[in-house]
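The data block below is query.txt; it holds compact mmCIF, C-alpha atoms and all ligand atoms.
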# COMPACT_ATOMS: atom_id res chain seq x y z
CA MET A 1 74.57 52.58 204.11
CA PRO A 2 74.15 56.36 204.62
CA THR A 3 72.56 58.10 201.66
CA THR A 4 73.48 61.36 200.06
CA ASP A 5 71.80 63.17 197.22
CA PHE A 6 73.02 62.27 193.78
CA ARG A 7 75.75 64.59 192.51
CA GLU A 8 77.65 64.92 189.26
CA PRO A 9 81.03 66.42 188.43
CA VAL A 10 81.12 70.06 187.30
CA VAL A 11 80.60 70.56 183.57
CA ARG A 12 82.83 72.51 181.23
CA ALA A 13 80.87 73.05 178.05
CA SER A 14 82.02 74.47 174.74
CA GLY A 15 80.53 77.71 173.48
CA ASP A 16 80.70 79.27 170.01
CA GLY A 17 82.53 76.24 168.71
CA LEU A 18 85.33 76.30 171.27
CA LEU A 19 86.22 74.62 174.53
CA ASP A 20 89.32 76.25 175.96
CA THR A 21 90.16 74.99 179.42
CA THR A 22 92.87 73.82 181.79
CA LEU A 23 93.14 70.51 183.57
CA GLU A 24 95.63 70.60 186.39
CA VAL A 25 96.67 67.15 187.55
CA ARG A 26 97.54 67.15 191.21
CA GLU A 27 97.43 65.03 194.30
CA ALA A 28 94.76 66.69 196.38
CA ALA A 29 92.72 66.34 199.53
CA THR A 30 89.21 65.50 198.41
CA THR A 31 86.21 63.38 199.35
CA ILE A 32 85.83 59.86 198.00
CA ALA A 33 83.09 57.52 199.14
CA GLY A 34 82.18 60.05 201.83
CA ARG A 35 85.66 59.90 203.36
CA ALA A 36 88.48 62.39 203.49
CA ALA A 37 90.94 61.13 200.90
CA VAL A 38 94.17 62.07 199.22
CA ALA A 39 93.91 61.16 195.56
CA TYR A 40 95.23 62.02 192.14
CA THR A 41 92.80 64.52 190.65
CA TYR A 42 92.00 66.66 187.66
CA GLU A 43 91.26 70.08 189.14
CA GLY A 44 90.99 68.75 192.68
CA THR A 45 88.13 66.29 192.27
CA MET A 46 87.54 62.62 191.47
CA PRO A 47 86.05 62.31 188.87
CA GLY A 48 87.39 65.40 187.12
CA PRO A 49 85.21 67.96 185.30
CA THR A 50 82.91 66.67 182.56
CA LEU A 51 83.81 68.08 179.15
CA ARG A 52 80.72 68.79 177.03
CA LEU A 53 81.29 69.18 173.31
CA ARG A 54 79.53 69.47 169.97
CA PRO A 55 80.65 68.15 166.58
CA GLY A 56 82.87 70.67 164.81
CA ASP A 57 84.19 72.15 168.07
CA ARG A 58 87.79 73.14 168.54
CA VAL A 59 89.09 71.68 171.78
CA ARG A 60 92.00 73.30 173.60
CA ILE A 61 93.05 71.74 176.87
CA ARG A 62 96.11 72.83 178.77
CA LEU A 63 97.27 69.88 180.83
CA VAL A 64 99.36 71.01 183.79
CA ASN A 65 101.28 68.24 185.54
CA ARG A 66 101.74 68.83 189.28
CA LEU A 67 102.42 65.16 190.00
CA GLY A 68 105.88 63.83 190.75
CA GLU A 69 105.71 61.57 187.67
CA PRO A 70 104.90 61.93 183.97
CA THR A 71 101.31 61.88 182.78
CA ASN A 72 99.28 62.77 179.67
CA LEU A 73 95.72 62.71 178.36
CA HIS A 74 93.84 60.21 176.25
CA PHE A 75 90.41 61.05 174.87
CA HIS A 76 88.90 57.59 174.99
CA GLY A 77 86.56 56.92 172.07
CA LEU A 78 86.84 60.27 170.33
CA HIS A 79 87.40 60.04 166.58
CA VAL A 80 90.19 62.64 166.34
CA PRO A 81 93.79 62.44 165.10
CA PRO A 82 96.14 60.21 167.14
CA THR A 83 99.07 62.49 166.35
CA GLY A 84 100.55 65.91 167.20
CA SER A 85 98.69 67.74 169.94
CA ALA A 86 95.50 65.72 169.54
CA ASP A 87 94.82 62.24 171.00
CA ASN A 88 98.47 61.24 171.00
CA PRO A 89 99.20 58.48 173.53
CA PHE A 90 102.97 58.83 173.02
CA ILE A 91 103.16 62.33 174.54
CA GLU A 92 104.66 62.49 178.04
CA VAL A 93 104.18 65.58 180.15
CA GLN A 94 106.93 65.71 182.76
CA PRO A 95 106.46 66.82 186.39
CA GLY A 96 106.10 70.59 186.61
CA GLU A 97 105.45 70.90 182.88
CA ALA A 98 102.37 71.66 180.82
CA PHE A 99 101.13 70.59 177.40
CA GLN A 100 98.64 72.32 175.16
CA TYR A 101 96.24 69.83 173.59
CA ASP A 102 94.52 71.32 170.56
CA PHE A 103 92.29 69.51 168.07
CA ALA A 104 89.00 69.72 166.23
CA LEU A 105 86.11 67.36 166.67
CA PRO A 106 84.92 66.32 163.18
CA ARG A 107 81.61 67.82 162.05
CA ASP A 108 80.16 64.34 161.62
CA HIS A 109 81.35 63.07 165.01
CA PRO A 110 78.73 60.80 166.59
CA ALA A 111 76.89 61.96 169.67
CA GLY A 112 77.72 59.91 172.71
CA THR A 113 79.48 59.34 175.99
CA PHE A 114 83.28 59.18 176.08
CA TRP A 115 85.94 59.78 178.71
CA TYR A 116 89.47 60.89 179.42
CA HIS A 117 92.30 59.40 181.45
CA PRO A 118 96.13 59.24 181.43
CA HIS A 119 98.01 56.96 179.01
CA VAL A 120 101.72 56.88 179.92
CA HIS A 121 102.68 53.24 179.45
CA GLY A 122 103.42 51.46 182.73
CA ARG A 123 101.64 54.10 184.81
CA VAL A 124 98.11 53.99 183.50
CA ALA A 125 96.69 51.52 186.01
CA ASP A 126 98.14 53.28 189.05
CA GLN A 127 97.17 56.79 187.94
CA VAL A 128 93.62 55.80 187.05
CA PHE A 129 93.17 53.78 190.25
CA ARG A 130 94.32 56.86 192.20
CA GLY A 131 91.58 58.92 190.61
CA LEU A 132 92.47 60.30 187.18
CA VAL A 133 89.22 59.92 185.24
CA GLY A 134 86.65 62.26 183.74
CA ALA A 135 83.75 62.08 181.28
CA ILE A 136 83.33 63.62 177.83
CA ILE A 137 79.88 64.14 176.35
CA VAL A 138 79.36 64.87 172.68
CA GLU A 139 75.94 66.25 171.79
CA GLY A 140 74.27 65.56 168.45
CA ASP A 141 71.43 63.89 166.60
CA LEU A 142 70.62 61.48 169.43
CA ASP A 143 69.77 64.45 171.62
CA GLN A 144 67.10 65.54 169.11
CA VAL A 145 65.05 62.34 169.41
CA PRO A 146 61.93 63.69 171.17
CA ALA A 147 61.83 61.11 173.98
CA VAL A 148 65.56 61.56 174.57
CA ALA A 149 65.34 65.35 174.47
CA ALA A 150 62.47 65.27 176.99
CA ALA A 151 64.36 63.05 179.45
CA ALA A 152 66.41 64.59 182.24
CA GLU A 153 70.01 63.49 181.86
CA ARG A 154 72.22 61.92 184.50
CA LEU A 155 75.85 60.90 184.27
CA LEU A 156 76.99 57.90 186.31
CA ILE A 157 80.75 57.45 186.41
CA LEU A 158 81.47 54.04 187.90
CA LYS A 159 84.80 53.81 189.68
CA ASP A 160 86.26 51.62 192.37
CA THR A 161 89.28 52.39 194.48
CA THR A 162 90.75 51.52 197.87
CA LEU A 163 91.68 53.88 200.71
CA ASP A 164 93.77 53.05 203.75
CA ALA A 165 93.11 54.40 207.26
CA GLN A 166 94.82 57.68 206.31
CA GLY A 167 92.60 58.08 203.24
CA ARG A 168 95.43 57.24 200.87
CA VAL A 169 95.46 54.72 198.04
CA PRO A 170 97.74 51.81 198.99
CA PRO A 171 100.08 50.33 196.36
CA PRO A 172 98.83 47.27 194.47
CA ASN A 173 99.86 43.77 195.48
CA MET A 174 100.92 40.93 193.19
CA MET A 175 97.39 39.57 192.95
CA ASP A 176 96.08 43.03 191.92
CA LEU A 177 98.60 43.14 189.09
CA MET A 178 97.84 39.69 187.80
CA ALA A 179 94.09 39.77 187.96
CA GLY A 180 93.56 43.46 187.42
CA ARG A 181 92.97 45.61 190.47
CA GLU A 182 89.52 45.93 191.99
CA GLY A 183 88.90 48.44 194.75
CA ALA A 184 86.98 47.95 197.98
CA LEU A 185 84.98 51.16 197.48
CA VAL A 186 82.66 51.08 194.49
CA THR A 187 81.54 54.62 193.77
CA VAL A 188 79.19 56.48 191.45
CA ASN A 189 80.57 59.96 190.73
CA GLY A 190 82.94 59.45 193.65
CA ALA A 191 80.15 58.75 196.15
CA LEU A 192 78.64 55.74 197.88
CA GLY A 193 74.95 55.21 198.48
CA SER A 194 73.62 58.19 196.53
CA ARG A 195 69.88 58.60 196.17
CA LEU A 196 68.20 59.70 192.99
CA GLU A 197 64.56 60.80 193.04
CA LEU A 198 62.13 60.34 190.16
CA ARG A 199 58.38 60.70 189.85
CA PRO A 200 56.36 57.65 188.82
CA GLY A 201 56.32 57.38 185.02
CA GLU A 202 59.18 59.85 184.64
CA VAL A 203 61.81 58.95 182.04
CA GLN A 204 65.47 59.76 182.57
CA ARG A 205 68.50 59.24 180.38
CA TRP A 206 71.39 57.69 182.25
CA ARG A 207 74.89 57.72 180.80
CA PHE A 208 77.09 55.03 182.33
CA VAL A 209 80.89 55.11 182.08
CA ASN A 210 82.98 52.27 183.51
CA THR A 211 86.21 53.99 184.53
CA SER A 212 87.39 51.13 186.76
CA ASN A 213 90.74 49.47 186.21
CA ALA A 214 89.36 45.95 186.13
CA ARG A 215 85.89 45.74 187.65
CA TYR A 216 83.05 44.46 185.48
CA TYR A 217 79.60 45.89 186.18
CA LEU A 218 76.64 43.64 185.45
CA LEU A 219 74.03 46.32 186.06
CA ARG A 220 70.47 45.72 187.15
CA LEU A 221 67.90 48.17 188.42
CA ALA A 222 65.38 46.37 190.65
CA GLY A 223 61.80 46.59 189.35
CA HIS A 224 62.85 48.21 186.07
CA ARG A 225 64.18 47.41 182.64
CA LEU A 226 66.88 49.49 180.99
CA LEU A 227 66.18 50.70 177.46
CA GLN A 228 69.61 51.01 175.90
CA ILE A 229 69.79 53.77 173.27
CA ALA A 230 73.53 54.22 172.83
CA GLY A 231 76.76 52.27 173.27
CA ASP A 232 80.40 53.30 173.13
CA GLY A 233 80.28 54.93 169.76
CA GLY A 234 76.91 56.64 169.75
CA PRO A 235 73.33 55.58 169.06
CA LEU A 236 72.31 51.94 168.62
CA PRO A 237 70.42 51.08 165.41
CA ALA A 238 67.29 50.66 167.57
CA PRO A 239 66.55 50.78 171.30
CA VAL A 240 67.11 47.50 173.17
CA SER A 241 65.22 46.63 176.33
CA LEU A 242 67.45 44.90 178.88
CA GLU A 243 67.07 43.17 182.20
CA THR A 244 70.81 43.47 182.85
CA LEU A 245 73.59 45.41 181.15
CA LEU A 246 77.24 44.31 181.23
CA LEU A 247 79.90 47.01 181.22
CA PRO A 248 83.47 45.69 181.03
CA PRO A 249 86.27 48.15 181.83
CA ALA A 250 86.14 51.35 179.72
CA LYS A 251 82.76 50.65 178.19
CA ARG A 252 79.85 53.09 178.16
CA ALA A 253 76.12 52.79 177.65
CA GLU A 254 73.21 55.20 177.59
CA VAL A 255 69.83 53.98 178.74
CA LEU A 256 66.34 55.36 179.25
CA VAL A 257 64.80 54.45 182.58
CA GLN A 258 61.09 54.87 183.23
CA ALA A 259 60.29 55.06 186.92
CA ALA A 260 57.86 52.41 188.17
CA ALA A 261 55.35 52.69 191.03
CA PRO A 262 56.34 54.70 194.12
CA GLY A 263 58.93 52.92 196.19
CA SER A 264 62.64 52.44 196.58
CA TYR A 265 64.73 50.44 194.10
CA GLY A 266 68.39 49.54 194.12
CA LEU A 267 70.76 49.85 191.20
CA ALA A 268 73.23 47.00 191.69
CA ALA A 269 76.24 45.46 190.06
CA LEU A 270 75.43 41.74 190.15
CA PRO A 271 78.07 39.05 190.72
CA TYR A 272 80.16 38.47 187.60
CA ASP A 273 82.88 35.87 187.10
CA ARG A 274 85.59 37.17 184.79
CA GLY A 275 87.86 34.17 185.32
CA ALA A 276 91.27 33.92 186.92
CA MET A 277 94.82 33.71 185.70
CA MET A 278 95.57 30.10 184.84
CA GLY A 279 92.59 29.26 187.00
CA MET A 280 94.55 29.79 190.19
CA MET A 281 96.06 32.30 192.61
CA GLY A 282 93.03 32.43 194.84
CA GLY A 283 91.38 34.73 192.37
CA GLY A 284 88.40 33.91 190.26
CA GLY A 285 84.87 33.14 191.24
CA ALA A 286 82.18 35.71 190.93
CA SER A 287 82.54 39.18 192.42
CA ALA A 288 80.12 40.05 195.23
CA GLU A 289 76.94 41.98 194.49
CA VAL A 290 77.42 45.72 195.08
CA ARG A 291 74.73 48.31 195.66
CA LEU A 292 75.53 51.38 193.56
CA LEU A 293 72.60 53.73 193.96
CA GLU A 294 69.12 54.03 195.44
CA LEU A 295 66.29 55.07 193.13
CA VAL A 296 63.45 56.64 195.10
CA VAL A 297 60.19 57.00 193.17
CA ARG A 298 57.62 59.33 194.66
CA GLY A 299 55.24 62.21 193.93
CA ASP A 300 52.63 62.63 191.20
CA GLN A 301 52.50 60.35 188.19
CA VAL A 302 53.89 61.85 184.96
CA ALA A 303 53.43 60.58 181.40
CA GLY A 304 57.03 59.96 180.36
CA GLN A 305 57.78 58.50 176.94
CA LEU A 306 60.33 55.99 175.79
CA ALA A 307 62.02 56.19 172.39
CA ASN A 308 60.94 53.78 169.61
CA THR A 309 63.40 54.81 166.94
CA LEU A 310 66.86 56.31 166.91
CA PRO A 311 68.91 58.21 164.31
CA ARG A 312 70.11 56.14 161.38
CA VAL A 313 73.57 54.61 161.82
CA GLU A 314 75.82 53.44 158.99
CA ASP A 315 76.90 49.79 159.34
CA LEU A 316 79.85 49.40 156.89
CA SER A 317 78.29 46.26 155.43
CA GLY A 318 78.93 47.54 151.89
CA ASP A 319 82.66 48.12 152.42
CA PRO A 320 85.07 45.71 150.71
CA VAL A 321 87.44 44.17 153.26
CA ALA A 322 91.05 45.09 152.37
CA ALA A 323 92.73 42.90 155.01
CA ARG A 324 91.74 40.19 157.44
CA ARG A 325 93.90 39.81 160.54
CA GLN A 326 94.03 37.44 163.49
CA LEU A 327 95.08 38.70 166.91
CA VAL A 328 95.61 36.41 169.87
CA LEU A 329 95.51 37.51 173.51
CA SER A 330 97.56 35.44 175.93
CA GLU A 331 99.20 35.49 179.32
CA ALA A 332 102.28 33.81 180.81
CA MET A 333 104.38 33.73 183.95
CA GLY A 334 107.48 35.89 183.97
CA GLY A 335 108.65 39.49 183.82
CA PRO A 336 109.07 41.93 186.69
CA GLY A 337 105.31 41.97 187.39
CA GLY A 338 105.24 38.18 187.79
CA MET A 339 103.10 37.92 184.68
CA VAL A 340 103.32 39.03 181.10
CA PHE A 341 100.26 39.77 179.04
CA MET A 342 100.69 39.55 175.28
CA ILE A 343 99.11 40.07 171.92
CA ASP A 344 100.36 37.63 169.28
CA GLY A 345 102.93 36.31 171.72
CA ARG A 346 104.61 39.67 172.23
CA ALA A 347 104.47 42.25 174.98
CA PHE A 348 104.07 45.92 174.03
CA ASP A 349 107.00 47.81 172.53
CA HIS A 350 106.30 51.40 171.56
CA GLU A 351 109.10 51.29 168.96
CA ARG A 352 107.54 48.37 167.11
CA VAL A 353 104.68 48.67 164.65
CA ASP A 354 102.56 45.53 164.94
CA ILE A 355 99.93 46.28 162.31
CA ARG A 356 100.22 48.46 159.20
CA SER A 357 96.93 49.53 157.68
CA ARG A 358 96.08 51.62 154.63
CA LEU A 359 94.20 54.86 154.93
CA GLY A 360 90.83 54.70 153.20
CA THR A 361 90.38 50.94 153.65
CA THR A 362 88.23 48.72 155.82
CA GLU A 363 89.66 45.71 157.65
CA GLU A 364 88.39 42.81 159.71
CA TRP A 365 90.24 41.80 162.85
CA THR A 366 89.44 38.57 164.61
CA VAL A 367 90.64 38.83 168.19
CA ARG A 368 90.84 35.53 170.04
CA ASN A 369 91.25 35.23 173.78
CA ASP A 370 93.58 32.30 174.51
CA ALA A 371 93.94 33.30 178.14
CA ASP A 372 92.03 32.22 181.24
CA MET A 373 90.14 35.38 182.01
CA ASP A 374 88.01 37.94 180.20
CA HIS A 375 89.83 40.75 178.43
CA SER A 376 88.24 44.07 177.47
CA PHE A 377 89.67 44.83 174.02
CA HIS A 378 89.95 48.48 172.98
CA LEU A 379 91.13 50.30 169.86
CA HIS A 380 91.95 54.01 169.80
CA THR A 381 90.84 56.54 167.17
CA ASN A 382 88.64 54.34 164.99
CA PRO A 383 85.54 52.73 166.45
CA PHE A 384 84.54 49.32 165.10
CA ARG A 385 81.45 47.26 164.63
CA VAL A 386 81.39 43.69 165.89
CA VAL A 387 80.42 41.50 162.92
CA ALA A 388 80.86 38.07 164.50
CA THR A 389 81.41 36.34 167.81
CA ASN A 390 83.12 32.92 167.73
CA GLY A 391 82.86 33.03 163.95
CA GLN A 392 79.08 33.40 163.96
CA ALA A 393 77.77 36.54 162.27
CA ILE A 394 75.77 38.83 164.54
CA ALA A 395 73.26 41.57 163.72
CA PHE A 396 74.49 45.15 163.68
CA ARG A 397 74.49 46.50 167.24
CA GLY A 398 76.05 49.93 166.74
CA TRP A 399 79.58 51.30 167.01
CA GLU A 400 81.95 50.34 169.75
CA ASP A 401 85.52 51.00 170.81
CA THR A 402 85.67 48.47 173.63
CA VAL A 403 84.44 44.87 173.53
CA ASN A 404 84.63 42.12 176.10
CA ILE A 405 86.14 38.80 175.01
CA ARG A 406 85.53 35.82 177.29
CA ALA A 407 88.25 33.19 177.79
CA GLY A 408 88.39 30.90 174.78
CA GLU A 409 86.18 33.14 172.66
CA SER A 410 86.74 35.43 169.69
CA VAL A 411 85.19 38.54 168.24
CA THR A 412 85.50 39.80 164.68
CA LEU A 413 85.63 43.57 164.29
CA ARG A 414 85.15 45.62 161.15
CA ILE A 415 87.17 48.84 161.22
CA ARG A 416 87.24 51.61 158.63
CA PHE A 417 90.47 53.61 158.57
CA ALA A 418 88.75 56.49 156.82
CA ASP A 419 90.98 59.35 157.89
CA PHE A 420 93.70 60.25 160.40
CA PRO A 421 97.01 58.70 159.38
CA GLY A 422 99.50 57.96 162.16
CA ARG A 423 100.30 55.54 164.94
CA THR A 424 98.07 54.58 167.73
CA VAL A 425 97.37 51.62 170.01
CA TYR A 426 94.97 48.79 170.79
CA HIS A 427 95.00 47.02 174.13
CA CYS A 428 93.21 45.28 176.93
CA HIS A 429 91.46 47.88 179.08
CA ILE A 430 92.03 45.92 182.26
CA LEU A 431 94.69 48.50 182.94
CA GLU A 432 97.14 46.23 184.76
CA HIS A 433 97.12 43.97 181.69
CA GLU A 434 97.78 46.94 179.44
CA ASP A 435 100.68 48.12 181.61
CA LEU A 436 102.08 44.55 181.72
CA GLY A 437 102.18 44.30 177.95
CA MET A 438 98.79 43.49 176.40
CA MET A 439 98.97 46.34 173.89
CA GLY A 440 100.06 46.77 170.27
CA VAL A 441 100.75 49.58 167.81
CA VAL A 442 98.79 50.11 164.59
CA GLU A 443 100.12 52.53 161.99
CA VAL A 444 97.80 53.90 159.33
CA THR A 445 99.43 55.35 156.23
CU1 LIG A 501 90.85 54.21 177.55
CU2 LIG A 501 94.11 53.30 175.43
O1 LIG A 501 92.45 53.71 176.49
CU CU A 502 91.20 54.65 174.31
CU CU A 503 93.12 41.89 180.04

Output the structure of this file as structure tokens.
Amino acid sequence: MPTTDFREPVVRASGDGLLDTTLEVREAATTIAGRAAVAYTYEGTMPGPTLRLRPGDRVRIRLVNRLGEPTNLHFHGLHVPPTGSADNPFIEVQPGEAFQYDFALPRDHPAGTFWYHPHVHGRVADQVFRGLVGAIIVEGDLDQVPAVAAAAERLLILKDTTLDAQGRVPPPNMMDLMAGREGALVTVNGALGSRLELRPGEVQRWRFVNTSNARYYLLRLAGHRLLQIAGDGGPLPAPVSLETLLLPPAKRAEVLVQAAAPGSYGLAALPYDRGAMMGMMGGGGASAEVRLLELVVRGDQVAGQLANTLPRVEDLSGDPVAARRQLVLSEAMGGPGGMVFMIDGRAFDHERVDIRSRLGTTEEWTVRNDADMDHSFHLHTNPFRVVATNGQAIAFRGWEDTVNIRAGESVTLRIRFADFPGRTVYHCHILEHEDLGMMGVVEVT
């Protein structure tokens, strides 16, 4: 595989408490996986610009739609209002029109790695697969931890797509819709085979974002362990040293990597079996191993340091539980897509409120996967902590907004609806499943 030097998307950072920018959505000629491509882009590139924010910032984004179909913006993982001109998934920006997003990031917003993508129901999978993704970074207390502050930072946006001989993204087939579409080109920041150079002993902070429709990344860096310091919703309670790290669709992780002895090491996504619809359709079986990046270690030894402790994180264990709910994920034959994906036996209806929750309360949701493949469950607006898997309590592992649920398994989530009344959604983040119905509406009043 030819190698290129590691590159990241351009950064648009806030200053003096304000980020005021434009994201034009257009189909553009660009480069993906080293090939000339025509893709859907924010500002002409895939991924789009990285938005870099601080707690307390005002965020103004003018979304200009130059596509021939409606689109909008979702700020995945940000704890901001789900209503008005904030993170409102029910907005539709029509072709040729623009919308002014305008919201404030709370002063106590956790530091972390988030992302943005479109959220018009029925079109999410196609628009994301064609390229509409970008990262959001929120700075904060985690960045003050000395070992973290000293580490050079890298952003790795994982994204797969498929290009035909003309460099265009072909339409999905039936199998793509049922299983969730995986692309033939597995890119990091839009490139294949990038090379990242470190000195022996050097510590870097890598932020991973899985922006793929359906691909699971079981990450392993040859010859190295990954010291995870943050998950979806900011810092972990303590660093965790990992041999492999699983990122289901939409999930993020931040790790510290300390370069080993001089040499060349591959970052790979190992084979992962996420199951197949009704155990059939030629799908299923493990994915093939994919090489994502080459780590080249050379030069003089440096004395890099890893973090031992992280900022304190609240765990909600003292909150009374106001409501306990059961949600069931399932799939069935039928519908125009050949399959329907459901929550509690119903496909998504934006007019229907599925769950009504009270502002200022904490709830526990047990989400059970009655289907035959993994589903990557995601809730907007309010991050959760996983308190149990399959009914067994687990230790606090930090805040999350996306959690994988294996076939036949369940997770129990504790969610505090502290602020932000209004309607928003929860869904499977295998985007074809979301578009085919595996989504519900929660209204907080
Ligand atoms: Cu990235 Cu509704 O999700
Ligand atoms: Cu989201
Ligand atoms: Cu799913």

CA of Gly48 in chain A and CA of Leu23 in chain A are how many Å apart?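 CA of Leu23 in chain A lies at a distance of 8.5 Å from CA of Gly48 in chain A.
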
Between A:His224, A:Arg423, A:Arg58, A:Arg107, which one has atoms that come closest to His380 in chain A, using all atoms listed in the file?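 Ranked by minimum distance to His380 in chain A, first place goes to A:Arg423.
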
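Inspection of the environment of ligand LIG 501 (chain A), which uses all atoms listed in the file and a cut-off of 8 Å, identifies the neighbouring residues as His74, Phe75, His76, Gly77, Pro89, Trp115, Tyr116, His117, His119, Ala250, His378, Leu379, His380, Val425, Tyr426, His427 and His429 of chain A.
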
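Remark: for ligand CU 502 (chain A), the closest of the candidate residues A:Leu78, A:Ala149, A:Val10, A:Leu163 is A:Leu78 (distances computed over only C-alpha atoms and all ligand atoms).
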
Closest of A:Pro81, A:Gly437, A:Gly398, A:Gly233 to Pro110 in chain A, counting all atoms listed in the file, is A:Gly233

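Closest approach to ligand CU 502 (chain A) from the set A:Leu158, A:Val444, A:Cys428, A:Ala125 is made by A:Cys428, with distances taken over only C-alpha atoms and all ligand atoms.
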
Give me the residues within 12 Å of Phe377 in chain A as JSON, numbers by chain, counting only C-alpha atoms and dropping any in the same chain fewer than 5 places off. {"A": [248, 249, 250, 251, 327, 328, 329, 343, 365, 366, 367, 368, 369, 383, 384, 386, 400, 401, 402, 403, 404, 405, 406, 410, 411, 412, 413, 425, 426, 427, 428, 429, 430, 431, 433, 434, 438, 439, 440]}

Determine the nearest neighbour of ligand CU 502 (chain A) from the options A:Thr424, A:Tyr265, A:Glu139, A:Glu363, counting all atoms listed in the file.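 Among the listed residues, the smallest separation from ligand CU 502 (chain A) belongs to A:Thr424.
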
Hey, which of A:Val302, A:Ala104, A:Met46, A:Leu245 ends up closest to Gly134 in chain A? Count only C-alpha atoms.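 Using only C-alpha atoms, the shortest distance to Gly134 in chain A belongs to A:Met46.
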
Mind giving me the axis-aligned box for range 4-13 of chain A with 6 Å on every side, centre plus edges in Å to one decimal, as JSON?
{"center_x": 77.3, "center_y": 67.2, "center_z": 189.1, "size_x": 23.0, "size_y": 23.7, "size_z": 34.0}

Using all atoms listed in the file, find each residue of range 226-333 of chain A with at least one atom at most 8 Å away from an atom of range 191-206 of chain A; report its shortest atom-to-atom pair and that distance in Å (one decimal), sort the rows by chain and rising residue number, and return the result as JSON lines.
{"residue": "A:Glu254", "atom": "CA", "partner": "A:Trp206", "partner_atom": "CA", "distance": 5.6}
{"residue": "A:Val255", "atom": "CA", "partner": "A:Trp206", "partner_atom": "CA", "distance": 5.3}
{"residue": "A:Leu256", "atom": "CA", "partner": "A:Arg205", "partner_atom": "CA", "distance": 4.6}
{"residue": "A:Val257", "atom": "CA", "partner": "A:Gln204", "partner_atom": "CA", "distance": 5.4}
{"residue": "A:Gln258", "atom": "CA", "partner": "A:Val203", "partner_atom": "CA", "distance": 4.3}
{"residue": "A:Ala259", "atom": "CA", "partner": "A:Gly201", "partner_atom": "CA", "distance": 5.0}
{"residue": "A:Ala260", "atom": "CA", "partner": "A:Pro200", "partner_atom": "CA", "distance": 5.5}
{"residue": "A:Ala261", "atom": "CA", "partner": "A:Pro200", "partner_atom": "CA", "distance": 5.5}
{"residue": "A:Pro262", "atom": "CA", "partner": "A:Pro200", "partner_atom": "CA", "distance": 6.1}
{"residue": "A:Arg291", "atom": "CA", "partner": "A:Gly193", "partner_atom": "CA", "distance": 7.5}
{"residue": "A:Leu292", "atom": "CA", "partner": "A:Gly193", "partner_atom": "CA", "distance": 6.3}
{"residue": "A:Leu293", "atom": "CA", "partner": "A:Ser194", "partner_atom": "CA", "distance": 5.2}
{"residue": "A:Glu294", "atom": "CA", "partner": "A:Arg195", "partner_atom": "CA", "distance": 4.7}
{"residue": "A:Leu295", "atom": "CA", "partner": "A:Leu196", "partner_atom": "CA", "distance": 5.0}
{"residue": "A:Val296", "atom": "CA", "partner": "A:Glu197", "partner_atom": "CA", "distance": 4.8}
{"residue": "A:Val297", "atom": "CA", "partner": "A:Leu198", "partner_atom": "CA", "distance": 4.9}
{"residue": "A:Arg298", "atom": "CA", "partner": "A:Arg199", "partner_atom": "CA", "distance": 5.1}
{"residue": "A:Gly299", "atom": "CA", "partner": "A:Arg199", "partner_atom": "CA", "distance": 5.4}
{"residue": "A:Asp300", "atom": "CA", "partner": "A:Arg199", "partner_atom": "CA", "distance": 6.2}
{"residue": "A:Gln301", "atom": "CA", "partner": "A:Pro200", "partner_atom": "CA", "distance": 4.8}
{"residue": "A:Val302", "atom": "CA", "partner": "A:Gly201", "partner_atom": "CA", "distance": 5.1}
{"residue": "A:Ala303", "atom": "CA", "partner": "A:Gly201", "partner_atom": "CA", "distance": 5.6}
{"residue": "A:Gly304", "atom": "CA", "partner": "A:Glu202", "partner_atom": "CA", "distance": 4.8}
{"residue": "A:Gln305", "atom": "CA", "partner": "A:Val203", "partner_atom": "CA", "distance": 6.5}
{"residue": "A:Leu306", "atom": "CA", "partner": "A:Val203", "partner_atom": "CA", "distance": 7.1}

Close residues, Gly167 in chain A itself excluded, 10 Å, all atoms listed in the file, min 6 positions apart in chain, as a VMD selection string: chain A and resid 29 to 32 35 to 39

For CA of Leu227 in chain A and CA of Arg207 in chain A, quote the distance in Å rounded to one decimal. 11.7 Å
